[in-house]
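Student: Sending over entry-v8.cif (mmCIF, C-alpha atoms and all ligand atoms).
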data_data
loop_
_atom_site.label_atom_id
_atom_site.label_comp_id
_atom_site.auth_asym_id
_atom_site.auth_seq_id
_atom_site.Cartn_x
_atom_site.Cartn_y
_atom_site.Cartn_z
CA MET A 1 -19.38 31.36 7.88
CA THR A 2 -18.94 27.94 9.44
CA LYS A 3 -15.51 26.84 10.59
CA LEU A 4 -15.32 24.49 7.60
CA GLU A 5 -16.17 27.32 5.21
CA GLN A 6 -13.50 29.52 6.76
CA ILE A 7 -10.90 26.77 6.41
CA ARG A 8 -11.92 26.06 2.82
CA ALA A 9 -11.60 29.72 1.91
CA ALA A 10 -8.21 30.00 3.61
CA GLU A 11 -6.89 26.84 1.94
CA ALA A 12 -8.16 28.00 -1.44
CA ARG A 13 -6.10 31.16 -0.97
CA LEU A 14 -3.02 29.70 0.71
CA LEU A 15 -2.36 26.12 -0.38
CA LEU A 16 -1.19 24.62 -3.65
CA SER A 17 -4.26 23.13 -5.23
CA THR A 18 -2.98 19.55 -5.21
CA TYR A 19 -6.13 18.06 -3.65
CA ASP A 20 -9.81 18.07 -4.38
CA ARG A 21 -10.95 17.48 -0.79
CA SER A 22 -14.39 16.35 0.31
CA PRO A 23 -16.04 19.13 2.33
CA ILE A 24 -15.80 17.58 5.78
CA LEU A 25 -13.80 18.78 8.76
CA PHE A 26 -12.59 15.86 10.84
CA VAL A 27 -11.64 16.49 14.43
CA GLY A 28 -11.46 13.10 16.15
CA GLY A 29 -11.97 9.38 15.96
CA GLU A 30 -12.54 6.21 17.93
CA GLY A 31 -12.00 2.65 16.71
CA VAL A 32 -13.25 2.30 13.13
CA HIS A 33 -15.05 5.65 13.24
CA ILE A 34 -13.77 9.11 12.40
CA VAL A 35 -15.74 12.07 13.74
CA ASP A 36 -16.44 15.44 12.15
CA GLU A 37 -16.79 18.89 13.74
CA ASN A 38 -20.48 18.29 14.45
CA GLY A 39 -19.81 15.03 16.25
CA THR A 40 -21.09 12.96 13.31
CA LYS A 41 -19.43 9.54 13.09
CA TYR A 42 -18.24 8.08 9.79
CA LEU A 43 -17.42 4.41 9.30
CA ASP A 44 -13.91 4.58 7.86
CA LEU A 45 -13.28 1.80 5.35
CA LEU A 46 -10.27 3.60 3.89
CA SER A 47 -8.28 4.29 7.09
CA GLY A 48 -6.44 7.32 5.76
CA ILE A 49 -5.52 5.38 2.57
CA GLY A 50 -4.33 2.28 4.36
CA VAL A 51 -2.58 3.98 7.27
CA ASN A 52 -4.72 3.76 10.42
CA ALA A 53 -4.45 -0.02 10.73
CA LEU A 54 -5.38 -0.04 14.42
CA GLY A 55 -8.18 2.46 13.89
CA TYR A 56 -8.46 5.75 15.74
CA ASN A 57 -7.36 6.53 19.26
CA HIS A 58 -6.00 3.04 19.95
CA PRO A 59 -4.89 3.08 23.61
CA ALA A 60 -1.58 1.34 22.84
CA ILE A 61 -0.63 3.99 20.27
CA VAL A 62 -1.82 6.89 22.41
CA GLU A 63 0.13 5.56 25.39
CA THR A 64 3.32 5.02 23.34
CA ILE A 65 3.17 8.52 21.84
CA ALA A 66 2.67 10.05 25.29
CA ARG A 67 5.50 8.05 26.85
CA GLN A 68 7.99 8.46 24.01
CA SER A 69 7.26 12.14 23.40
CA ARG A 70 8.00 12.83 27.06
CA ALA A 71 11.29 10.94 26.72
CA LEU A 72 12.70 11.79 23.25
CA ILE A 73 11.16 12.80 19.92
CA HIS A 74 14.15 13.37 17.66
CA THR A 75 17.87 12.68 17.70
CA SER A 76 18.94 12.72 13.99
CA ASN A 77 20.77 9.70 12.63
CA LEU A 78 24.14 10.88 13.98
CA TYR A 79 23.45 9.16 17.31
CA TYR A 80 21.89 6.00 18.67
CA HIS A 81 18.45 5.68 20.17
CA GLU A 82 16.57 2.64 21.45
CA GLY A 83 14.03 2.20 18.67
CA GLN A 84 15.67 1.44 15.31
CA ALA A 85 17.32 -1.89 16.08
CA GLU A 86 14.23 -3.07 18.00
CA LEU A 87 11.96 -2.26 15.07
CA ALA A 88 14.45 -3.62 12.51
CA MET A 89 14.56 -6.90 14.45
CA ARG A 90 10.78 -7.23 14.23
CA LEU A 91 10.70 -6.34 10.52
CA THR A 92 13.58 -8.60 9.47
CA GLU A 93 12.04 -11.54 11.35
CA ARG A 94 8.70 -11.01 9.65
CA THR A 95 9.96 -10.38 6.10
CA GLY A 96 12.73 -12.97 5.85
CA LEU A 97 15.13 -10.14 4.97
CA ASP A 98 18.27 -9.12 6.83
CA ARG A 99 18.70 -5.38 7.17
CA ALA A 100 16.60 -2.23 7.38
CA PHE A 101 16.87 1.45 6.54
CA PHE A 102 14.23 3.83 7.91
CA ALA A 103 12.79 6.73 5.94
CA ASN A 104 9.71 8.89 6.46
CA THR A 105 7.25 8.09 3.69
CA GLY A 106 6.45 5.51 1.06
CA THR A 107 7.99 7.38 -1.81
CA GLU A 108 11.16 7.96 0.19
CA ALA A 109 11.42 4.27 1.07
CA TRP A 110 11.00 3.48 -2.62
CA GLU A 111 13.74 5.95 -3.60
CA GLY A 112 15.98 4.13 -1.14
CA ALA A 113 15.14 0.82 -2.77
CA LEU A 114 15.96 2.16 -6.25
CA LYS A 115 19.25 3.63 -5.05
CA LEU A 116 20.17 0.33 -3.37
CA ALA A 117 19.50 -1.53 -6.63
CA ARG A 118 21.68 0.83 -8.68
CA ALA A 119 24.44 0.73 -6.05
CA HIS A 120 24.27 -3.06 -5.91
CA ALA A 121 24.51 -3.33 -9.70
CA GLY A 122 27.54 -1.00 -9.60
CA LEU A 123 29.18 -3.17 -6.97
CA ARG A 124 28.51 -6.31 -9.01
CA ARG A 125 29.97 -4.66 -12.13
CA SER A 126 33.10 -3.75 -10.15
CA GLU A 127 33.31 -7.44 -9.25
CA GLY A 128 33.18 -8.40 -12.95
CA ALA A 129 29.48 -9.20 -13.36
CA ASN A 130 27.64 -8.25 -16.54
CA ILE A 131 24.68 -6.27 -15.20
CA GLY A 132 23.18 -2.98 -16.33
CA THR A 133 21.22 -0.13 -14.75
CA LYS A 134 17.75 -0.58 -16.23
CA PHE A 135 14.56 -0.97 -14.17
CA LEU A 136 11.61 -3.02 -15.35
CA ALA A 137 8.41 -1.70 -13.79
CA LEU A 138 4.82 -2.77 -14.45
CA ASP A 139 1.90 -1.21 -16.28
CA GLN A 140 -0.50 0.44 -13.79
CA SER A 141 2.20 0.51 -11.08
CA PHE A 142 2.24 3.25 -8.44
CA HIS A 143 5.36 3.85 -6.35
CA GLY A 144 5.14 7.50 -5.29
CA ARG A 145 5.60 11.12 -6.29
CA THR A 146 9.32 11.87 -5.97
CA PHE A 147 11.46 11.65 -9.09
CA GLY A 148 12.60 8.04 -8.97
CA ALA A 149 9.27 6.79 -7.69
CA MET A 150 7.36 8.85 -10.25
CA SER A 151 9.61 7.60 -13.04
CA THR A 152 8.80 4.00 -12.13
CA THR A 153 5.07 4.82 -11.83
CA TYR A 154 3.05 3.94 -14.91
CA LYS A 155 0.32 6.50 -15.43
CA ALA A 156 1.31 9.39 -17.67
CA LYS A 157 -0.65 11.92 -15.58
CA TYR A 158 1.80 11.42 -12.71
CA ARG A 159 4.92 11.72 -14.90
CA GLU A 160 4.35 13.86 -17.96
CA PRO A 161 3.92 17.31 -16.38
CA PHE A 162 7.32 16.89 -14.73
CA GLY A 163 9.41 15.45 -17.55
CA PRO A 164 12.07 14.59 -18.32
CA VAL A 165 11.75 11.75 -15.85
CA VAL A 166 14.60 9.53 -14.66
CA PRO A 167 15.81 7.51 -17.65
CA GLY A 168 16.32 3.75 -17.70
CA VAL A 169 12.79 2.56 -16.89
CA GLU A 170 10.76 0.23 -19.12
CA PHE A 171 7.20 -0.91 -18.40
CA VAL A 172 6.09 -4.52 -18.74
CA ARG A 173 2.49 -5.47 -19.43
CA PHE A 174 0.80 -6.50 -16.19
CA ASN A 175 0.93 -10.26 -15.56
CA ASP A 176 2.25 -10.85 -19.10
CA VAL A 177 5.01 -13.42 -18.71
CA ALA A 178 5.97 -13.31 -22.39
CA ASP A 179 6.41 -9.52 -22.26
CA LEU A 180 8.48 -9.82 -19.09
CA ARG A 181 10.74 -12.42 -20.72
CA ALA A 182 11.07 -10.31 -23.87
CA LYS A 183 12.06 -7.16 -21.96
CA PHE A 184 14.38 -8.82 -19.45
CA SER A 185 18.12 -8.88 -20.24
CA ALA A 186 21.51 -8.39 -18.60
CA ASP A 187 20.83 -4.63 -18.87
CA VAL A 188 18.25 -4.93 -16.07
CA CYS A 189 19.36 -4.26 -12.50
CA ALA A 190 15.96 -4.78 -10.91
CA ILE A 191 12.38 -5.88 -11.56
CA LEU A 192 9.93 -3.70 -9.63
CA VAL A 193 6.50 -4.95 -8.60
CA GLU A 194 3.69 -4.54 -6.11
CA ALA A 195 2.53 -8.07 -5.23
CA ILE A 196 -0.97 -6.59 -5.24
CA GLN A 197 -1.20 -3.30 -7.10
CA GLY A 198 -2.96 -0.69 -4.99
CA GLU A 199 -3.60 2.50 -6.96
CA GLY A 200 -3.60 0.36 -10.09
CA GLY A 201 -6.92 -1.13 -8.98
CA VAL A 202 -6.15 -3.80 -6.34
CA ARG A 203 -4.74 -6.24 -8.88
CA PRO A 204 -2.76 -9.23 -7.61
CA LEU A 205 0.18 -10.59 -9.58
CA THR A 206 -0.34 -14.13 -10.80
CA GLN A 207 1.76 -16.84 -9.20
CA GLU A 208 3.25 -17.56 -12.62
CA PHE A 209 4.30 -13.96 -13.26
CA PHE A 210 5.77 -13.46 -9.80
CA ALA A 211 7.69 -16.76 -9.93
CA GLU A 212 9.04 -15.85 -13.38
CA ALA A 213 10.15 -12.40 -12.17
CA ARG A 214 12.02 -14.09 -9.30
CA ALA A 215 13.59 -16.66 -11.63
CA LEU A 216 14.66 -14.12 -14.25
CA ALA A 217 16.18 -11.76 -11.69
CA SER A 218 18.08 -14.60 -10.02
CA SER A 219 19.39 -15.81 -13.38
CA THR A 220 21.54 -12.68 -13.84
CA GLY A 221 21.97 -11.36 -10.29
CA ALA A 222 19.41 -8.62 -10.86
CA LEU A 223 17.12 -7.84 -7.93
CA LEU A 224 13.43 -8.44 -7.35
CA ILE A 225 12.01 -5.45 -5.48
CA VAL A 226 8.51 -5.73 -4.02
CA ASP A 227 6.68 -2.58 -2.96
CA GLU A 228 4.59 -3.50 0.12
CA ILE A 229 3.81 0.10 1.05
CA GLN A 230 0.07 -0.44 0.62
CA SER A 231 -0.23 -4.22 0.87
CA GLY A 232 2.26 -4.89 3.67
CA MET A 233 2.25 -4.90 7.46
CA GLY A 234 -0.62 -7.35 7.78
CA ARG A 235 -3.19 -5.77 5.49
CA THR A 236 -3.63 -8.96 3.44
CA GLY A 237 -3.58 -11.24 6.49
CA LYS A 238 0.18 -11.83 6.21
CA TRP A 239 2.99 -9.45 7.01
CA CYS A 240 3.75 -9.11 3.30
CA ALA A 241 1.53 -9.79 0.30
CA TYR A 242 4.47 -11.64 -1.32
CA GLN A 243 4.07 -14.28 1.38
CA HIS A 244 0.94 -15.48 -0.41
CA TYR A 245 3.13 -16.67 -3.31
CA GLY A 246 4.61 -20.14 -2.87
CA ILE A 247 7.99 -21.18 -4.21
CA PRO A 248 7.36 -23.39 -7.24
CA GLY A 249 8.26 -26.97 -6.35
CA ALA A 250 8.61 -26.23 -2.62
CA PRO A 251 7.27 -29.01 -0.39
CA ALA A 252 3.61 -28.34 0.36
CA ASP A 253 4.04 -29.65 3.91
CA GLY A 254 5.84 -26.43 4.78
CA SER A 255 9.11 -28.22 5.54
CA SER A 256 11.05 -25.62 3.57
CA SER A 257 12.18 -22.83 5.94
CA VAL A 258 10.66 -20.09 3.79
CA GLY A 259 7.74 -21.39 1.75
CA TRP A 260 7.17 -18.19 -0.16
CA ILE A 261 8.98 -16.30 -2.90
CA LYS A 262 11.41 -13.91 -1.25
CA PRO A 263 12.34 -10.56 -2.80
CA ASP A 264 15.80 -9.00 -2.48
CA ILE A 265 14.30 -5.71 -1.30
CA THR A 266 10.92 -4.72 0.04
CA THR A 267 9.47 -1.40 1.20
CA PHE A 268 6.94 -0.47 3.88
CA ALA A 269 5.29 2.78 4.97
CA LYS A 270 1.59 3.64 5.39
CA PRO A 271 0.53 1.62 8.52
CA LEU A 272 4.08 1.10 9.79
CA ALA A 273 3.82 3.68 12.59
CA GLY A 274 0.05 3.74 13.05
CA GLY A 275 -0.42 7.19 11.50
CA LEU A 276 2.96 8.80 12.15
CA PRO A 277 5.19 9.14 9.08
CA LEU A 278 7.63 6.23 8.83
CA GLY A 279 8.93 4.22 5.89
CA ALA A 280 11.31 1.30 5.72
CA VAL A 281 13.47 -0.44 3.16
CA LEU A 282 14.36 -4.06 3.95
CA CYS A 283 17.00 -5.97 2.02
CA THR A 284 19.18 -9.06 1.99
CA GLU A 285 22.73 -9.15 3.32
CA GLU A 286 23.93 -9.48 -0.29
CA VAL A 287 22.26 -6.18 -1.28
CA ALA A 288 23.38 -4.44 1.91
CA ARG A 289 27.02 -4.94 0.83
CA ALA A 290 26.49 -2.08 -1.64
CA ILE A 291 25.86 0.64 0.97
CA HIS A 292 28.45 2.39 3.11
CA ALA A 293 28.27 5.28 5.56
CA GLY A 294 27.48 8.55 3.81
CA MET A 295 25.90 7.06 0.67
CA HIS A 296 22.30 7.47 1.79
CA GLY A 297 20.55 9.14 4.71
CA THR A 298 17.75 11.22 6.17
CA THR A 299 17.37 13.77 8.95
CA PHE A 300 14.03 12.60 10.31
CA GLY A 301 13.76 8.98 9.14
CA GLY A 302 13.54 6.37 11.88
CA GLY A 303 13.25 8.85 14.72
CA PRO A 304 12.59 7.68 18.29
CA LEU A 305 8.89 8.58 18.30
CA ALA A 306 7.98 6.94 14.98
CA CYS A 307 10.05 3.81 15.79
CA ALA A 308 8.47 3.44 19.23
CA VAL A 309 5.02 3.55 17.65
CA GLY A 310 6.15 1.13 14.90
CA ILE A 311 7.15 -1.38 17.58
CA THR A 312 3.79 -0.91 19.30
CA VAL A 313 1.90 -1.40 16.03
CA ILE A 314 3.60 -4.74 15.33
CA ASP A 315 3.23 -5.96 18.91
CA THR A 316 -0.43 -4.94 18.99
CA ILE A 317 -1.20 -6.64 15.67
CA GLU A 318 0.20 -9.83 17.19
CA LYS A 319 -1.29 -9.44 20.65
CA GLU A 320 -4.77 -8.82 19.22
CA GLY A 321 -4.49 -11.59 16.59
CA LEU A 322 -5.14 -9.09 13.81
CA LEU A 323 -3.52 -11.06 10.98
CA ALA A 324 -6.01 -13.90 11.45
CA HIS A 325 -8.77 -11.34 11.98
CA ALA A 326 -7.88 -9.53 8.73
CA THR A 327 -8.07 -12.85 6.87
CA GLU A 328 -11.36 -13.84 8.47
CA VAL A 329 -13.17 -10.51 8.06
CA GLY A 330 -11.55 -9.98 4.65
CA ASP A 331 -12.92 -13.35 3.43
CA TYR A 332 -16.35 -12.42 4.77
CA PHE A 333 -16.12 -9.05 2.97
CA MET A 334 -15.21 -10.71 -0.34
CA GLU A 335 -18.01 -13.32 0.00
CA SER A 336 -20.52 -10.56 0.76
CA LEU A 337 -19.36 -8.56 -2.25
CA GLU A 338 -19.54 -11.62 -4.47
CA LYS A 339 -23.18 -12.11 -3.38
CA LEU A 340 -23.80 -8.46 -4.22
CA ALA A 341 -22.20 -8.96 -7.62
CA LYS A 342 -24.75 -11.71 -8.38
CA LYS A 343 -27.51 -9.17 -7.82
CA HIS A 344 -25.98 -6.18 -9.61
CA GLU A 345 -24.62 -6.58 -13.12
CA THR A 346 -22.81 -3.27 -12.78
CA ILE A 347 -20.22 -5.13 -10.64
CA VAL A 348 -17.81 -6.70 -13.10
CA ASP A 349 -15.20 -7.99 -10.64
CA VAL A 350 -14.52 -8.49 -6.94
CA ARG A 351 -10.90 -8.98 -5.95
CA GLY A 352 -8.34 -8.59 -3.21
CA LYS A 353 -6.78 -10.34 -0.26
CA GLY A 354 -7.50 -9.91 3.44
CA LEU A 355 -8.53 -6.32 4.04
CA MET A 356 -7.27 -5.01 0.71
CA VAL A 357 -10.49 -5.33 -1.24
CA ALA A 358 -11.94 -3.91 -4.43
CA VAL A 359 -15.04 -3.95 -6.55
CA GLU A 360 -14.76 -3.03 -10.20
CA LEU A 361 -17.82 -1.44 -11.78
CA ASP A 362 -18.67 -1.12 -15.45
CA SER A 363 -19.00 2.66 -15.19
CA ALA A 364 -16.62 5.38 -14.01
CA ASP A 365 -19.58 7.72 -13.41
CA LEU A 366 -21.27 5.19 -11.17
CA ALA A 367 -18.01 4.56 -9.28
CA LYS A 368 -17.67 8.27 -8.58
CA LEU A 369 -21.31 8.55 -7.62
CA THR A 370 -21.01 5.53 -5.30
CA VAL A 371 -18.15 7.13 -3.34
CA ALA A 372 -20.25 10.29 -2.94
CA GLU A 373 -23.37 8.33 -1.96
CA MET A 374 -21.40 6.28 0.58
CA LEU A 375 -20.13 9.54 2.05
CA LYS A 376 -23.73 10.77 2.39
CA ARG A 377 -24.38 7.56 4.31
CA ARG A 378 -21.34 8.32 6.50
CA ILE A 379 -19.07 5.65 5.08
CA LEU A 380 -15.61 6.46 3.71
CA ILE A 381 -14.28 4.52 0.70
CA ASN A 382 -12.53 5.69 -2.44
CA CYS A 383 -12.27 5.06 -6.13
CA THR A 384 -9.07 4.23 -7.96
CA SER A 385 -8.33 3.58 -11.63
CA ASP A 386 -11.67 5.27 -12.52
CA THR A 387 -13.94 2.27 -12.07
CA VAL A 388 -12.58 0.49 -8.99
CA LEU A 389 -14.08 1.01 -5.51
CA ARG A 390 -11.31 0.42 -3.02
CA PHE A 391 -11.66 -0.66 0.61
CA LEU A 392 -8.71 -0.50 3.01
CA PRO A 393 -10.43 -0.71 6.41
CA PRO A 394 -8.59 -0.72 9.71
CA TYR A 395 -7.63 -4.25 10.79
CA ILE A 396 -10.00 -3.98 13.75
CA VAL A 397 -13.06 -3.81 11.47
CA GLU A 398 -15.84 -6.28 12.36
CA ARG A 399 -18.38 -8.22 10.28
CA SER A 400 -21.13 -5.87 11.42
CA HIS A 401 -19.30 -2.93 9.79
CA ILE A 402 -18.99 -4.92 6.58
CA ASP A 403 -22.75 -5.63 6.71
CA THR A 404 -23.40 -1.88 7.03
CA ALA A 405 -21.25 -1.16 3.97
CA ILE A 406 -22.80 -3.94 1.90
CA ALA A 407 -26.33 -2.75 2.72
CA ALA A 408 -25.37 0.79 1.68
CA LEU A 409 -23.81 -0.38 -1.59
CA ASP A 410 -26.87 -2.50 -2.33
CA GLU A 411 -29.15 0.47 -1.75
CA ILE A 412 -27.04 2.74 -3.97
CA PHE A 413 -26.92 0.24 -6.84
CA VAL A 414 -30.67 -0.44 -6.59
CA GLU A 415 -31.44 3.31 -6.61
CA HIS A 416 -29.13 3.84 -9.55
CA ALA A 417 -30.58 0.91 -11.49
CA THR A 418 -34.11 2.19 -10.86
CA ALA A 419 -33.18 5.70 -11.96
CA HIS A 420 -31.56 4.40 -15.14
CA SER A 421 -33.97 1.61 -16.03
CA ALA A 422 -36.19 1.76 -19.08
CA PRO A 423 -39.83 2.72 -18.34
CA ALA A 424 -40.68 -0.99 -18.39
CA GLY A 425 -38.17 -1.55 -15.55
CA GLY A 426 -35.15 -3.84 -15.49
CA LYS A 427 -31.63 -3.91 -14.22
CA TYR A 428 -28.95 -1.33 -14.70
CA HIS A 429 -26.70 -2.28 -17.61
CA GLY A 430 -24.21 0.57 -17.44
N1 LIG A 501 3.95 2.64 -3.15
C1 LIG A 501 2.67 2.24 -3.07
C2 LIG A 501 2.31 0.84 -3.49
C3 LIG A 501 1.68 3.13 -2.64
O1 LIG A 501 0.40 2.72 -2.59
C4 LIG A 501 2.05 4.44 -2.28
C5 LIG A 501 1.03 5.42 -1.86
O2 LIG A 501 -0.13 5.29 -2.10
C6 LIG A 501 3.40 4.81 -2.36
C7 LIG A 501 4.31 3.88 -2.80
C8 LIG A 501 3.83 6.19 -1.96
O3 LIG A 501 3.71 6.36 -0.59
P1 LIG A 501 3.67 7.84 0.06
O4 LIG A 501 2.40 8.46 -0.36
O5 LIG A 501 3.78 7.60 1.54
O6 LIG A 501 4.87 8.56 -0.48
#
Would you mind writing the file out in structure tokens?
Ligand code: PLP
Tutor:
Amino acid sequence: MTKLEQIRAAEARLLLSTYDRSPILFVGGEGVHIVDENGTKYLDLLSGIGVNALGYNHPAIVETIARQSRALIHTSNLYYHEGQAELAMRLTERTGLDRAFFANTGTEAWEGALKLARAHAGLRRSEGANIGTKFLALDQSFHGRTFGAMSTTYKAKYREPFGPVVPGVEFVRFNDVADLRAKFSADVCAILVEAIQGEGGVRPLTQEFFAEARALASSTGALLIVDEIQSGMGRTGKWCAYQHYGIPGAPADGSSSVGWIKPDITTFAKPLAGGLPLGAVLCTEEVARAIHAGMHGTTFGGGPLACAVGITVIDTIEKEGLLAHATEVGDYFMESLEKLAKKHETIVDVRGKGLMVAVELDSADLAKLTVAEMLKRRILINCTSDTVLRFLPPYIVERSHIDTAIAALDEIFVEHATAHSAPAGGKYHG
């Protein structure tokens, strides 16, 4: 029995069967490549589902972990350590928000955001405002697996086995301004969005929808909460995907201090600490009024090790110019995919921003097959929403890696078209 076979057998016996893993045993990595037990290198265009933003074995992260783990790994939140305020300063400066709370994961950050919204609505009611407790979430949204996050997540498969879910959530049709207006009322305490939906298929909100969500929330004192867990921390070429959305009527010369639509709360996780678990909730001073000592907390969240790495991740992204790089390589990726789409009718859409990129195919079977075929060619990608191939490469990815992926996709689509063409030949039509 190989080591992989032994591990598979042990996991099959010992773990909850929550995952359908690919049969590979990874043991190391360097840059954009992850390496299996046999020393085979895989080009990782998924980066641990959007986590390993600086790739594998980045010297700055390795050095920070070594230094900080020698000094202090954990304190609990009963005492001070050096990292939280330092990291909060960097995050508040880059988000336009005022205060931070640190958690461990995405779903936990999102729970914090939901609790803040309910607490804020309660505070406003105590001050005489007419504001309810309802959340408006979006069709195809994904916010996590814990109860609040799951209850604000759209797909039934994530919610139904665990019902009853948290009450007070209504879903709005994606990018449907009329539906948003119809469902919004003084009962709503917050509108919940991802500026670019991740699991939902890499779907960006329209400027019109996002601006309307901001305007409606502001009209009653409800909150606009933007989940940047997948799209944030530089993945789209800006610190937050919401920074791609201009304020309607704002001067185009950039003379307004913040040219983009600002949420009341945003959440980060995934790449925040370069692979260590760390989540963050950022909010305005107005929202922060609703929280007092003892109302919310965590044992591990915002520990010294994760915060030290978080600081290093942000500083490295800036030092290495990775926001501009993500934009440049991301644009090249999209252009290359658009060229591929001209050749292969099976590609029905190419979309994304920066290094959050997707290709929608006209066939779920082909999408699944493509992920498997890419894996055979030692390239990691995944498929979301059945028909969408998703690419979340590390920010250090280069054009040459994109060329490798495009050539592989081309080959797979050609092979598939040939296998499925009529005897007379012709293109694949799904
Ligand atoms: N929100 C978004 C937009 C996500 O993409 C995810 C995870 O994929 C989550 C929340 C949940 O994060 P985690 O898996 O760290 O709990």
Student: If I take CA of Ile402 (chain A) and CA of Val357 (chain A), how far is one from the other in Å, to one decimal?
Tutor: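 Atom-to-atom, CA of Ile402 (chain A) to CA of Val357 (chain A), that is 11.6 Å.
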Student: Could you list, as number ranges by chain, all protein and nucleic acid residues with an atom at most 6 Å from ligand LIG 501 (chain A), counting only C-alpha atoms and all ligand atoms?
Tutor: A: 105-107, 142-144, 198-199, 227, 229-230, 270
Student: At what distance in Å, to one decimal, does CA of Gln197 (chain A) lie from CA of Leu180 (chain A)?
Tutor: 16.7 Å
Student: For Ala186 (chain A), which residue among A:Ala217, A:Ile34, A:Leu337, A:Ala149 is the nearest when counting only C-alpha atoms?
Tutor: A:Ala217
Student: Kindly provide the residues of region 332-398 of chain A that approach region 415-420 of chain A to within 10 Å, each paired with its closest atom pair and their distance in Å to one decimal, based on only C-alpha atoms, listed by chain and increasing number, as a Markdown table.
Tutor:
| residue | atom | partner | partner_atom | distance |
| --- | --- | --- | --- | --- |
| A:His344 | CA | A:Ala417 | CA | 8.7 |
| A:Glu345 | CA | A:Ala417 | CA | 9.7 |
| A:Thr346 | CA | A:Ala417 | CA | 8.9 |
| A:Leu366 | CA | A:His416 | CA | 8.1 |
| A:Leu369 | CA | A:His416 | CA | 9.3 |
| A:Thr370 | CA | A:His416 | CA | 9.3 |
Student: How would you write as a list of chain:residue names the residues that get within 10 Å of (9.6, 2.9, -13.5) in the file's frame, counting only C-alpha atoms?
Tutor: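 The residues that fall inside the cut-off are A:Leu114, A:Lys134, A:Phe135, A:Leu136, A:Ala137, A:Leu138, A:Asp139, A:Ser141, A:Phe142, A:His143, A:Phe147, A:Gly148, A:Ala149, A:Met150, A:Ser151, A:Thr152, A:Thr153, A:Tyr154, A:Val165, A:Val166, A:Pro167, A:Gly168, A:Val169, A:Glu170, A:Phe171, A:Val172, A:Ile191, A:Leu192, A:Val193.
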Student: Which of these residues is nearest to Leu205 (chain A), using only C-alpha atoms: A:Gly294, A:Ser336, A:Leu361, A:Gly352?
Tutor: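 Distance minimum relative to Leu205 (chain A) lands on A:Gly352.
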